[in-house]
$ cat start-v3.cif   # mmCIF, C-alpha atoms
data_query
#
loop_
_atom_site.group_PDB
_atom_site.id
_atom_site.type_symbol
_atom_site.label_atom_id
_atom_site.label_comp_id
_atom_site.auth_asym_id
_atom_site.auth_seq_id
_atom_site.Cartn_x
_atom_site.Cartn_y
_atom_site.Cartn_z
ATOM 1 C CA MET I 1 18.756 -55.747 -24.335
ATOM 2 C CA LYS I 2 21.363 -54.059 -22.181
ATOM 3 C CA SER I 3 21.947 -51.369 -24.813
ATOM 4 C CA LEU I 4 18.183 -50.760 -25.098
ATOM 5 C CA THR I 5 17.928 -50.283 -21.317
ATOM 6 C CA VAL I 6 20.853 -47.848 -21.379
ATOM 7 C CA LYS I 7 19.221 -45.904 -24.244
ATOM 8 C CA ILE I 8 15.911 -45.700 -22.324
ATOM 9 C CA ILE I 9 17.669 -44.516 -19.170
ATOM 10 C CA ILE I 10 19.620 -41.897 -21.147
ATOM 11 C CA ALA I 11 16.399 -40.749 -22.853
ATOM 12 C CA LEU I 12 14.590 -40.465 -19.504
ATOM 13 C CA LEU I 13 17.493 -38.580 -17.898
ATOM 14 C CA SER I 14 17.672 -36.234 -20.875
ATOM 15 C CA THR I 15 13.949 -35.540 -20.613
ATOM 16 C CA VAL I 16 14.213 -34.818 -16.898
ATOM 17 C CA LEU I 17 17.245 -32.553 -17.415
ATOM 18 C CA ILE I 18 15.587 -30.651 -20.253
ATOM 19 C CA ALA I 19 12.410 -30.193 -18.214
ATOM 20 C CA GLY I 20 14.469 -28.976 -15.261
ATOM 21 C CA CYS I 21 16.332 -26.474 -17.397
ATOM 22 C CA SER I 22 13.092 -25.374 -18.995
ATOM 23 C CA ASN I 23 11.549 -24.600 -15.581
ATOM 24 C CA LYS I 24 14.559 -22.555 -14.549
ATOM 25 C CA SER I 25 14.452 -20.471 -17.722
ATOM 26 C CA HIS I 26 10.761 -19.702 -17.104
ATOM 27 C CA LYS I 27 11.250 -18.478 -13.586
ATOM 28 C CA ARG I 28 7.920 -18.428 -11.797
ATOM 29 C CA THR I 29 7.247 -15.026 -10.312
ATOM 30 C CA GLU I 30 6.043 -14.984 -6.750
ATOM 31 C CA ARG I 31 2.742 -13.275 -6.021
ATOM 32 C CA ILE I 32 2.947 -9.977 -4.179
ATOM 33 C CA ASP I 33 1.200 -10.224 -0.806
ATOM 34 C CA LEU I 34 -0.164 -6.683 -0.660
ATOM 35 C CA VAL I 35 -2.179 -7.417 2.476
ATOM 36 C CA LYS I 36 0.921 -8.587 4.371
ATOM 37 C CA ILE I 37 2.931 -5.583 3.164
ATOM 38 C CA SER I 38 0.160 -3.213 4.340
ATOM 39 C CA GLN I 39 -0.095 -4.999 7.699
ATOM 40 C CA LEU I 40 3.660 -4.643 8.265
ATOM 41 C CA ALA I 41 3.502 -0.934 7.369
ATOM 42 C CA ALA I 42 0.551 -0.316 9.718
ATOM 43 C CA THR I 43 2.282 -2.207 12.522
ATOM 44 C CA ALA I 44 5.409 -0.101 12.044
ATOM 45 C CA MET I 45 3.327 3.111 12.091
ATOM 46 C CA ALA I 46 1.494 2.053 15.255
ATOM 47 C CA LYS I 47 4.743 1.158 17.004
ATOM 48 C CA LYS I 48 6.309 4.532 16.141
ATOM 49 C CA ALA I 49 3.159 6.369 17.267
ATOM 50 C CA GLN I 50 2.597 4.463 20.527
ATOM 51 C CA ASP I 51 3.951 7.240 22.783
ATOM 52 C CA GLU I 52 1.836 9.968 21.176
ATOM 53 C CA LEU I 53 -1.187 8.017 19.975
ATOM 54 C CA PRO I 54 -2.196 5.131 22.232
ATOM 55 C CA VAL I 55 -4.107 2.143 20.951
ATOM 56 C CA GLY I 56 -7.804 2.960 21.159
ATOM 57 C CA ALA I 57 -7.355 6.488 19.768
ATOM 58 C CA THR I 58 -9.688 7.537 16.937
ATOM 59 C CA ILE I 59 -8.173 7.707 13.461
ATOM 60 C CA LEU I 60 -9.597 8.911 10.146
ATOM 61 C CA SER I 61 -8.311 7.044 7.125
ATOM 62 C CA THR I 62 -8.008 8.246 3.543
ATOM 63 C CA SER I 63 -6.958 6.851 0.184
ATOM 64 C CA LEU I 64 -3.333 7.334 -0.775
ATOM 65 C CA ALA I 65 -2.739 9.724 -3.686
ATOM 66 C CA ASP I 66 -0.612 9.533 -6.793
ATOM 67 C CA ILE I 67 2.340 11.804 -6.010
ATOM 68 C CA ASN I 68 2.342 13.124 -9.592
ATOM 69 C CA GLN I 69 -1.367 14.002 -9.501
ATOM 70 C CA LEU I 70 -2.143 14.745 -5.876
ATOM 71 C CA SER I 71 -5.848 15.281 -6.416
ATOM 72 C CA ASN I 72 -6.129 11.792 -7.948
ATOM 73 C CA THR I 73 -5.786 8.240 -6.817
ATOM 74 C CA THR I 74 -6.002 4.810 -8.380
ATOM 75 C CA THR I 75 -7.346 1.489 -7.272
ATOM 76 C CA LEU I 76 -3.944 0.881 -5.684
ATOM 77 C CA GLY I 77 -4.255 4.073 -3.586
ATOM 78 C CA ARG I 78 -7.727 3.093 -2.438
ATOM 79 C CA VAL I 79 -6.706 -0.489 -1.655
ATOM 80 C CA LEU I 80 -3.639 0.639 0.316
ATOM 81 C CA GLY I 81 -5.793 3.054 2.349
ATOM 82 C CA GLU I 82 -8.293 0.279 3.050
ATOM 83 C CA GLN I 83 -5.636 -2.228 4.047
ATOM 84 C CA LEU I 84 -3.759 0.201 6.310
ATOM 85 C CA SER I 85 -7.105 0.987 7.979
ATOM 86 C CA SER I 86 -7.940 -2.673 8.479
ATOM 87 C CA ALA I 87 -4.555 -3.401 10.004
ATOM 88 C CA LEU I 88 -4.729 -0.373 12.338
ATOM 89 C CA SER I 89 -8.218 -1.452 13.401
ATOM 90 C CA ASP I 90 -6.921 -4.960 14.098
ATOM 91 C CA ILE I 91 -4.182 -3.413 16.265
ATOM 92 C CA GLY I 92 -6.886 -1.703 18.340
ATOM 93 C CA TYR I 93 -7.343 1.802 16.946
ATOM 94 C CA ASP I 94 -10.874 3.145 16.508
ATOM 95 C CA LEU I 95 -11.124 3.789 12.759
ATOM 96 C CA ILE I 96 -13.470 6.211 11.039
ATOM 97 C CA GLU I 97 -13.640 5.502 7.355
ATOM 98 C CA ILE I 98 -13.874 8.349 4.896
ATOM 99 C CA LYS I 99 -15.123 7.134 1.544
ATOM 100 C CA MET I 100 -15.856 10.552 0.098
ATOM 101 C CA ARG I 101 -12.272 11.582 -0.587
ATOM 102 C CA ASP I 102 -13.185 14.998 -2.044
ATOM 103 C CA SER I 103 -14.323 16.122 1.385
ATOM 104 C CA VAL I 104 -10.962 15.231 2.905
ATOM 105 C CA PHE I 105 -8.544 16.803 0.462
ATOM 106 C CA ILE I 106 -6.332 19.800 1.164
ATOM 107 C CA ASP I 107 -5.449 21.371 -2.134
ATOM 108 C CA ASP I 108 -3.428 24.158 -0.552
ATOM 109 C CA PHE I 109 -1.511 22.054 2.000
ATOM 110 C CA LYS I 110 1.867 23.794 2.450
ATOM 111 C CA ALA I 111 3.881 20.572 2.084
ATOM 112 C CA GLY I 112 2.329 20.091 -1.328
ATOM 113 C CA GLU I 113 1.178 16.566 -0.564
ATOM 114 C CA PHE I 114 -2.212 14.924 -0.607
ATOM 115 C CA SER I 115 -3.501 15.064 2.867
ATOM 116 C CA LEU I 116 -6.594 15.797 4.726
ATOM 117 C CA SER I 117 -9.192 18.489 4.352
ATOM 118 C CA ARG I 118 -9.627 22.111 3.485
ATOM 119 C CA ASN I 119 -9.914 22.683 7.202
ATOM 120 C CA LEU I 120 -8.212 20.088 9.398
ATOM 121 C CA ASP I 121 -9.615 21.645 12.565
ATOM 122 C CA ASN I 122 -13.209 21.258 11.345
ATOM 123 C CA LEU I 123 -12.543 17.709 10.265
ATOM 124 C CA SER I 124 -11.062 16.681 13.590
ATOM 125 C CA LYS I 125 -13.971 18.330 15.452
ATOM 126 C CA SER I 126 -16.616 16.839 13.141
ATOM 127 C CA TYR I 127 -15.288 13.335 13.523
ATOM 128 C CA ASN I 128 -13.618 13.743 16.915
ATOM 129 C CA ALA I 129 -10.497 12.170 15.421
ATOM 130 C CA ASP I 130 -7.107 12.157 17.097
ATOM 131 C CA ALA I 131 -5.164 11.449 13.907
ATOM 132 C CA ILE I 132 -5.495 10.980 10.169
ATOM 133 C CA VAL I 133 -3.747 8.325 8.076
ATOM 134 C CA THR I 134 -2.879 9.479 4.581
ATOM 135 C CA GLY I 135 -0.042 9.247 2.105
ATOM 136 C CA THR I 136 1.244 9.115 -1.429
ATOM 137 C CA TYR I 137 2.677 6.610 -3.849
ATOM 138 C CA ALA I 138 4.961 6.932 -6.872
ATOM 139 C CA VAL I 139 4.962 4.462 -9.735
ATOM 140 C CA GLY I 140 8.348 3.477 -11.162
ATOM 141 C CA SER I 141 9.076 1.066 -13.984
ATOM 142 C CA SER I 142 9.502 -1.934 -11.708
ATOM 143 C CA THR I 143 8.545 -0.662 -8.242
ATOM 144 C CA VAL I 144 5.824 1.377 -6.525
ATOM 145 C CA TYR I 145 7.126 3.548 -3.676
ATOM 146 C CA ILE I 146 4.717 4.343 -0.843
ATOM 147 C CA SER I 147 4.874 6.937 1.942
ATOM 148 C CA ALA I 148 2.141 6.660 4.551
ATOM 149 C CA ARG I 149 1.731 9.146 7.395
ATOM 150 C CA MET I 150 -0.202 9.380 10.620
ATOM 151 C CA ILE I 151 -0.889 13.047 11.387
ATOM 152 C CA ASP I 152 -2.052 14.473 14.726
ATOM 153 C CA THR I 153 -5.251 16.445 14.010
ATOM 154 C CA SER I 154 -4.732 18.976 16.791
ATOM 155 C CA THR I 155 -1.058 19.844 16.183
ATOM 156 C CA LYS I 156 -0.881 18.941 12.446
ATOM 157 C CA ARG I 157 2.420 17.179 13.218
ATOM 158 C CA VAL I 158 3.390 13.956 11.541
ATOM 159 C CA ILE I 159 3.589 11.508 14.421
ATOM 160 C CA SER I 160 4.385 8.363 12.484
ATOM 161 C CA THR I 161 5.433 7.283 9.009
ATOM 162 C CA ALA I 162 5.954 4.149 7.003
ATOM 163 C CA ASP I 163 7.896 4.174 3.757
ATOM 164 C CA PHE I 164 7.862 0.957 1.779
ATOM 165 C CA GLN I 165 7.947 -0.378 -1.747
ATOM 166 C CA ILE I 166 6.068 -2.946 -3.771
ATOM 167 C CA PRO I 167 7.597 -4.754 -6.731
ATOM 168 C CA MET I 168 5.607 -4.211 -9.923
ATOM 169 C CA ASP I 169 3.805 -7.308 -11.143
ATOM 170 C CA ALA I 170 0.769 -7.732 -13.385
ATOM 171 C CA ASP I 171 -1.692 -7.225 -10.501
ATOM 172 C CA ILE I 172 0.000 -4.062 -9.215
ATOM 173 C CA ARG I 173 0.276 -2.685 -12.775
ATOM 174 C CA LEU I 174 -3.484 -3.223 -13.181
ATOM 175 C CA LEU I 175 -4.232 -1.525 -9.843
ATOM 176 C CA VAL I 176 -2.261 1.604 -10.784
ATOM 177 C CA SER I 177 -3.872 1.789 -14.223
ATOM 178 C CA HIS I 178 -7.391 2.312 -12.828
ATOM 179 C CA ARG I 179 -7.618 6.023 -12.025
ATOM 180 C CA ARG I 180 -10.241 7.992 -10.162
ATOM 181 C CA TYR I 181 -10.502 11.705 -10.827
#

$ encode --input "start-v3.cif" --output "structure tokens"
Amino acid sequence: MKSLTVKIIIALLSTVLIAGCSNKSHKRTERIDLVKISQLAATAMAKKAQDELPVGATILSTSLADINQLSNTTTLGRVLGEQLSSALSDIGYDLIEIKMRDSVFIDDFKAGEFSLSRNLDNLSKSYNADAIVTGTYAVGSSTVYISARMIDTSTKRVISTADFQIPMDADIRLLVSHRRY
């Protein structure tokens, strides 16, 4: 009887140890909290801009563009633009949403980056905006790199930036695979 009890205990311990090792070899990947990442980026941008762009100022927001195809974006670029806008609105900025991205694209912008409009002065007058939030992202094999900017519409100066990265997981890979031309 004693040897049977010992065998059962050894069998149970072996099962527990094997299950434990099995779980470690199939490391569970943590979900990327894209909303939290965007909120942190927007908070950082607002903090950097506080001297030049007080809370309550009017901001236009755009989708972020693929740095390799500046006239294009993906679902990720649209989601990031939306989430940065939401977070800036929560902070207290007056947000004007621009859904029609073609009307807010500068193809000949000297810096060569996706930005604002063919005529920034007209845009800022039309919408009475103090700043525009825009940016780019680059897709790597395991990371997406994002550069967001807050640009003063009257001086065209970058008044605040947020550079951050997102680890590539299945959700992020899906978001960058859906293109809009």

$ resolve_selection --input "start-v3.cif" --expression "the PyMOL selection byres ((chain I and resi 176) around 8)" --output "JSON, numbers by chain"
{"I": [74, 75, 76, 77, 139, 172, 173, 174, 175, 177, 178, 179]}

$ resolve_selection --input "start-v3.cif" --expression "the PyMOL selection byres ((chain I and resi 129) around 9)" --output "number ranges by chain"
I: 57-60, 95-96, 123-128, 130-132, 152-153

$ closest_residue --input "start-v3.cif" --among "I:Thr73, I:Thr155, I:Ser61, I:Gln165" --to "Gly140 in chain I" --atoms "only C-alpha atoms"
I:Gln165

$ atom_distance --input "start-v3.cif" --atom1 "CA of Ala49 in chain I" --atom2 "CA of Pro167 in chain I"
26.8 Å

$ atom_distance --input "start-v3.cif" --atom1 "CA of Arg149 in chain I" --atom2 "CA of Asp33 in chain I"
21.0 Å

$ residues_around --input "start-v3.cif" --residues "Glu30 in chain I" --least-positions-apart "6" --cutoff "12 Å" --atoms "only C-alpha atoms" --output "list in words"
Pro167, Met168, Asp169, Ala170 and Asp171 of chain I

$ resolve_selection --input "start-v3.cif" --expression "the PyMOL selection byres ((chain I and resi 67-69) around 9)" --output "PyMOL selection string"
chain I and resi 64-66+70-73+113-114+135-139

$ atom_distance --input "start-v3.cif" --atom1 "CA of Thr143 in chain I" --atom2 "CA of Phe164 in chain I"
10.2 Å

$ closest_residue --input "start-v3.cif" --among "I:Leu34, I:Leu53, I:Ala46, I:Ala87" --to "Arg157 in chain I" --atoms "all atoms listed in the file"
I:Leu53

$ residues_around --input "start-v3.cif" --residues "Ala41 in chain I" --least-positions-apart "3" --cutoff "6 Å" --atoms "all atoms listed in the file" --output "mmCIF file with C-alpha atoms, in the frame of the given file"
data_model
loop_
_atom_site.group_PDB
_atom_site.id
_atom_site.type_symbol
_atom_site.label_atom_id
_atom_site.label_comp_id
_atom_site.auth_asym_id
_atom_site.auth_seq_id
_atom_site.Cartn_x
_atom_site.Cartn_y
_atom_site.Cartn_z
ATOM 1 C CA SER I 38 0.160 -3.213 4.340
ATOM 2 C CA ALA I 44 5.409 -0.101 12.044
ATOM 3 C CA ALA I 162 5.954 4.149 7.003
#

$ residues_around --input "start-v3.cif" --residues "Val55 in chain I" --least-positions-apart "5" --cutoff "12 Å" --atoms "all atoms listed in the file" --output "list of chain:residue names"
I:Thr43, I:Met45, I:Ala46, I:Lys47, I:Lys48, I:Ala49, I:Gln50, I:Leu88, I:Ser89, I:Asp90, I:Ile91, I:Gly92, I:Tyr93, I:Asp94, I:Leu95, I:Asp130, I:Ala131
